[in-house]
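Asks: Mind having a look at this structure? Questions to follow.
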Amino acid sequence: MRTADLKRETKETCIRVAIDLDGDGKFTGQTGIAFFDHMLTLLARHGGLGLTVEAQGDLDVECHHTVEDTGILFGKALAQAAGDKAGIRRYGHFVLPMEEALCECALDFCGRPYLFFGATFERPMIENYATEVTEDFFRAICNTAGLTMHLECRRGRNAHHIVEGLFKAFARALREALETDERLGGIPSTKGVLD
Ligand SMILES: [Mn+2]
């Protein structure tokens, strides 16, 4: 079973993330940020994940702690559920059109954290979601999951489309990287270990 169920509590947030890498594409839970829930819903759907996120954060301060801490825990859960990564493809790549926005994600589930993030937003807020925390969310995932990732928006106008395109491109690339490929066999590294 490629699953994990983690909880993290600080003075700023209390979050539970449960993940099933071979899940039914369903998201359950809530974060108090409707647009972020919308993103997590499509992350589960396009990532082929079972995903539960129950987050209670200091939204009276702003959304940053809640979104970033969810990323920290999502990344930890991802790493735990993937285990030693035996038999997975390891790499994933997707170029995703979302109307006028074109987003690209290339990732390597190699154990080493790195993020290049290339997207800017004309609109700072989508309701109570600050578009700038999109980078913080994905950076937190890369740091705790040990993902090397290049995530960018080649072009786009509407902030909703750009953020959604980034989440969907990540979801599809992640799904590919997590798929098993028996021809690769064992740990997909000539080094013999992915950490
Ligand atoms: Mn949408």
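In the structure tokens, chains take letters A, B, ... by order of appearance, with residues numbered from 1 within each chain and ligands from 1 in the order shown.
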Grab me every residue within 12 Å of ligand 1, counting only C-alpha atoms and all ligand atoms, and send it over as an MDAnalysis selection string.
Replies: chainID A and resid 34:43 98:99 126 158:168
Asks: Write down as a PyMOL selection string the residues of stretch 20-186 of chain A whose backbone DSSP state falls under alpha helix (DSSP H).
Replies: chain A and resi 34-47+64-82+133-145+159-178
Asks: Show me, as a list of chain:residue names, the residues that have an atom within 8 Å of A:Leu178 when counting only C-alpha atoms, minus same-chain residues fewer than 3 positions from it.
Replies: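 In the requested form, the answer reads A:Leu21, A:Ala82, A:Ile88, A:Arg89, A:Arg90, A:Leu174, A:Arg175.
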Asks: Those same residues - N, CA, C and O atoms - I'd like them written as an mmCIF file, in the first residue's frame.
Replies:
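Now in again_26.cif:
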```
data_model
loop_
_atom_site.group_PDB
_atom_site.id
_atom_site.type_symbol
_atom_site.label_atom_id
_atom_site.label_comp_id
_atom_site.auth_asym_id
_atom_site.auth_seq_id
_atom_site.Cartn_x
_atom_site.Cartn_y
_atom_site.Cartn_z
ATOM 1 N N LEU A 21 -1.257 7.012 -3.113
ATOM 2 C CA LEU A 21 -0.700 7.233 -4.455
ATOM 3 C C LEU A 21 -1.455 6.452 -5.520
ATOM 4 O O LEU A 21 -1.346 6.755 -6.709
ATOM 5 N N ALA A 82 5.770 6.947 -1.002
ATOM 6 C CA ALA A 82 6.570 6.429 -2.124
ATOM 7 C C ALA A 82 7.628 5.439 -1.645
ATOM 8 O O ALA A 82 8.149 4.655 -2.444
ATOM 9 N N ILE A 88 9.252 2.724 -9.729
ATOM 10 C CA ILE A 88 8.551 3.888 -10.290
ATOM 11 C C ILE A 88 9.327 4.463 -11.482
ATOM 12 O O ILE A 88 10.516 4.210 -11.660
ATOM 13 N N ARG A 89 8.616 5.276 -12.285
ATOM 14 C CA ARG A 89 9.265 5.894 -13.449
ATOM 15 C C ARG A 89 10.284 6.951 -13.023
ATOM 16 O O ARG A 89 11.212 7.263 -13.739
ATOM 17 N N ARG A 90 10.064 7.592 -11.901
ATOM 18 C CA ARG A 90 10.928 8.615 -11.318
ATOM 19 C C ARG A 90 10.771 9.992 -11.968
ATOM 20 O O ARG A 90 10.663 10.995 -11.290
ATOM 21 N N LEU A 174 3.507 14.442 -11.796
ATOM 22 C CA LEU A 174 3.691 13.611 -10.598
ATOM 23 C C LEU A 174 3.109 12.218 -10.821
ATOM 24 O O LEU A 174 3.714 11.201 -10.457
ATOM 25 N N ARG A 175 1.929 12.175 -11.436
ATOM 26 C CA ARG A 175 1.276 10.893 -11.719
ATOM 27 C C ARG A 175 2.186 10.010 -12.580
ATOM 28 O O ARG A 175 2.338 8.816 -12.333
#
```
Asks: Please, which residues in stretch 4-33 of chain A fall within 7 Å of stretch 49-72 of chain A when counting only C-alpha atoms, and what is the closest atom pair and distance in Å to one decimal for each, ordered by chain then residue number, as JSON lines?
Replies:
```
{"residue": "A:Glu12", "atom": "CA", "partner": "A:Asp58", "partner_atom": "CA", "distance": 5.6}
{"residue": "A:Thr13", "atom": "CA", "partner": "A:Gly57", "partner_atom": "CA", "distance": 4.2}
{"residue": "A:Cys14", "atom": "CA", "partner": "A:Gln56", "partner_atom": "CA", "distance": 5.3}
{"residue": "A:Ile15", "atom": "CA", "partner": "A:Ala55", "partner_atom": "CA", "distance": 4.3}
{"residue": "A:Arg16", "atom": "CA", "partner": "A:Glu54", "partner_atom": "CA", "distance": 5.2}
{"residue": "A:Val17", "atom": "CA", "partner": "A:Val53", "partner_atom": "CA", "distance": 4.7}
{"residue": "A:Ala18", "atom": "CA", "partner": "A:Thr52", "partner_atom": "CA", "distance": 5.0}
{"residue": "A:Ile19", "atom": "CA", "partner": "A:Leu51", "partner_atom": "CA", "distance": 4.7}
{"residue": "A:Asp20", "atom": "CA", "partner": "A:Gly50", "partner_atom": "CA", "distance": 4.7}
{"residue": "A:Leu21", "atom": "CA", "partner": "A:Leu49", "partner_atom": "CA", "distance": 5.0}
{"residue": "A:Asp22", "atom": "CA", "partner": "A:Leu49", "partner_atom": "CA", "distance": 5.9}
{"residue": "A:Gly23", "atom": "CA", "partner": "A:Gly50", "partner_atom": "CA", "distance": 4.1}
{"residue": "A:Asp24", "atom": "CA", "partner": "A:Gly50", "partner_atom": "CA", "distance": 5.4}
{"residue": "A:Gly25", "atom": "CA", "partner": "A:Leu49", "partner_atom": "CA", "distance": 4.7}
{"residue": "A:Lys26", "atom": "CA", "partner": "A:Gly50", "partner_atom": "CA", "distance": 5.3}
{"residue": "A:Phe27", "atom": "CA", "partner": "A:Leu51", "partner_atom": "CA", "distance": 4.9}
{"residue": "A:Thr28", "atom": "CA", "partner": "A:Thr52", "partner_atom": "CA", "distance": 4.8}
{"residue": "A:Gly29", "atom": "CA", "partner": "A:Glu54", "partner_atom": "CA", "distance": 5.0}
{"residue": "A:Gln30", "atom": "CA", "partner": "A:Glu54", "partner_atom": "CA", "distance": 5.4}
{"residue": "A:Thr31", "atom": "CA", "partner": "A:Ala55", "partner_atom": "CA", "distance": 4.6}
```
Asks: So that I can see what lies close to A:Cys105, please list as number ranges by chain the residues with an atom at most 9 Å from it, counting only C-alpha atoms and leaving out residues fewer than 2 positions away in the same chain.
Replies: A: 92-96, 103, 107, 149-153, 166, 169-174
Asks: Of the candidates A:Glu9, A:Met1, A:Asp84, A:Phe121, which one gets nearest to A:Val133 if we count only C-alpha atoms?
Replies: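 Checking each candidate against A:Val133, we get A:Phe121 as the closest.
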Asks: When you count only C-alpha atoms, which of these residues is closest to A:Asp108: A:Arg123, A:Arg183, A:Lys85, A:Lys191?
Replies: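 Among A:Arg123, A:Arg183, A:Lys85, A:Lys191, it is A:Lys85 that comes nearest to A:Asp108.
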Asks: Go ahead and compute the interatomic distance for atom CA of A:Glu122 and atom CA of A:Thr134, in Å to one decimal.
Replies: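 About the pair atom CA of A:Glu122 and atom CA of A:Thr134: they are 13.6 Å apart.
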Asks: If I take atom CA of A:Ala77 and atom CA of A:Ala4, how far is one from the other in Å, to one decimal?
Replies: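 Going from atom CA of A:Ala77 over to atom CA of A:Ala4, I get 5.3 Å.
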